[in-house]
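Okay, structure first, notes after.
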Amino acid sequence: MAEAVAKHLGPPKVRIFSAGVTPGNIPAPVRKVMQELGINMSAQNSKSVDQVPLDQIDLVVSFAGADKECAALPARAKVKQWAIASSSAQNNDFAALSTLREERDEINKRVFALFMDYWRNLS
């Protein structure tokens with residue numbers, strides 16, 4: 001979700017990469033709640049750390065301390081820890097979708113704040 005939101009909100013010249021310690025399939029309910037914001041994730045897939053250009057990373061947003069499991073991160077990269085629970089909901093029932101929407105909205109707010117800081121620091 002964070003990659004999709006960042007690509008949706010990001011400034012034109014900012015490159016966005018996302019990777020997981022244990023990548024897997026993006027569940028259909030995640031795609032559904034993102035589509036509610038007009039974010040199409042059909043072309044997005046889960047990637048492992050070795051599939052992104054680590055030498056180009058300036059900022060790492062880490063969920064649940066995942067950065068600690070990745071020794072390959074560049075030393076110059078700033079790491080932000082986001083304590084956002086991941087429900088990994090696999091079904092479309094009301095409770096699961098409601099939880100995913102809460103996660104999505106929290107990620108959306110935090111990504112927006114990151115980019116607001118970026119734009120403020122340009123001037």
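Each chain in the structure tokens gets a letter, A, B, ..., in the order shown, and its residues are numbered from 1; ligands are numbered from 1 in order too.
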
### Message
I want to know what sits within 12 Å of Lys13 in chain A, based on only C-alpha atoms, with residues of the same chain fewer than 5 positions away left out; could you give that as a ChimeraX atom specification?
### Response
/A:7,118-119

Those same residues, written as a PDB file, in the first residue's frame with N, CA and C atoms?
```pdb
ATOM      1  N   LYS A   7       3.640   6.546  -4.920  1.00  0.00           N
ATOM      2  CA  LYS A   7       3.676   6.809  -6.360  1.00  0.00           C
ATOM      3  C   LYS A   7       2.521   7.709  -6.786  1.00  0.00           C
ATOM      4  N   TYR A 118       9.096  17.212   2.255  1.00  0.00           N
ATOM      5  CA  TYR A 118       9.978  17.283   1.078  1.00  0.00           C
ATOM      6  C   TYR A 118       9.784  18.626   0.367  1.00  0.00           C
ATOM      7  N   TRP A 119       8.520  18.996   0.109  1.00  0.00           N
ATOM      8  CA  TRP A 119       8.263  20.248  -0.608  1.00  0.00           C
ATOM      9  C   TRP A 119       8.678  21.464   0.210  1.00  0.00           C
TER      10      TRP A 119
END
```

### Task
Write out as a list in words the residues lying within 9 Å of Val60 in chain A, counting only C-alpha atoms and excluding same-chain residues fewer than 5 positions away.
Ser18, Asp67, Leu73, Ala77, Lys78, Val79, Lys80 and Gln81 of chain A

#### Entry: strand (DSSP E or B) positions in chain A, given as a list of chain:residue names
A:Gly20, A:Ser48, A:Leu59, A:Val60, A:Val61, A:Ser62, A:Phe63, A:Lys78, A:Val79, A:Lys80, A:Gln81, A:Trp82

### Message
Can you tell me, as a VMD selection string, which residues in range 20-120 of chain A count as helix (DSSP H, G or I) by DSSP?
### Response
chain A and resid 28 to 35 49 to 51 54 to 56 66 to 69 94 to 120

### Query
Which residues come within 12 Å of Ser86 in chain A, counting only C-alpha atoms, excluding same-chain residues fewer than 4 positions away, as a VMD selection string?
chain A and resid 1 to 2 30 63 to 64 82 90 96 99 to 104 106 to 107

Could you save those same residues with C-alpha atoms as a short mmCIF file (atom, residue, chain, number, x, y, z; two decimals), in the first residue's frame?
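Wrote it out as part-v3.cif, contents follow:
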```cif
data_model
loop_
_atom_site.label_atom_id
_atom_site.label_comp_id
_atom_site.auth_asym_id
_atom_site.auth_seq_id
_atom_site.Cartn_x
_atom_site.Cartn_y
_atom_site.Cartn_z
CA MET A 1 0.00 0.00 0.00
CA ALA A 2 2.77 2.46 0.89
CA VAL A 30 -5.78 -4.64 -0.60
CA PHE A 63 7.18 -1.44 9.02
CA ALA A 64 7.57 -3.55 12.16
CA TRP A 82 6.22 3.26 11.09
CA GLN A 90 -7.35 -12.15 2.68
CA ALA A 96 -11.44 -7.18 7.13
CA THR A 99 -9.31 -2.79 9.02
CA LEU A 100 -7.57 -2.48 5.66
CA ARG A 101 -9.16 0.93 5.13
CA GLU A 102 -7.84 2.10 8.50
CA GLU A 103 -4.33 0.90 7.57
CA ARG A 104 -4.59 2.49 4.13
CA GLU A 106 -2.94 5.89 8.13
CA ILE A 107 -0.35 5.11 5.45
#
```

### Message
With distances taken over only C-alpha atoms, which residue among A:Ile84, A:Ala4, A:Ala95, A:Ala75 lies nearest Gln35 in chain A?
### Response
A:Ala4

Neighbour list for Leu54 in chain A as a PDB file with C-alpha atoms, in the first residue's frame, cut-off 10 Å, only C-alpha atoms, skip fewer than 2 positions in-chain:
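Listing of result33.pdb after writing:
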```
ATOM      1  CA  PHE A  17      10.841   1.681  -4.662  1.00  0.00           C
ATOM      2  CA  VAL A  49      15.070  -6.343  -1.438  1.00  0.00           C
ATOM      3  CA  ASP A  50      17.404  -7.662  -4.137  1.00  0.00           C
ATOM      4  CA  GLN A  51      14.951  -6.437  -6.805  1.00  0.00           C
ATOM      5  CA  VAL A  52      15.342  -2.723  -6.017  1.00  0.00           C
ATOM      6  CA  GLN A  56      19.697   4.776  -5.073  1.00  0.00           C
ATOM      7  CA  ILE A  57      17.822   4.675  -1.748  1.00  0.00           C
ATOM      8  CA  ASP A  58      17.819   7.819   0.421  1.00  0.00           C
ATOM      9  CA  ALA A  72      22.086  -4.645   2.444  1.00  0.00           C
ATOM     10  CA  LEU A  73      20.559  -1.211   3.112  1.00  0.00           C
ATOM     11  CA  PRO A  74      22.977   1.614   2.327  1.00  0.00           C
ATOM     12  CA  ALA A  77      19.800   5.855   3.966  1.00  0.00           C
TER      13      ALA A  77
END
```

### Message
I want to know what sits within 8 Å of Val21 in chain A, based on only C-alpha atoms, with residues of the same chain fewer than 5 positions away left out; could you give that as an MDAnalysis selection string?
### Response
chainID A and resid 48:49 66 69:70

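Using only C-alpha atoms, the nearest neighbour of His8 in chain A within the list A:Ala28, A:Val33, A:Met116, A:Ile39 is A:Ile39.
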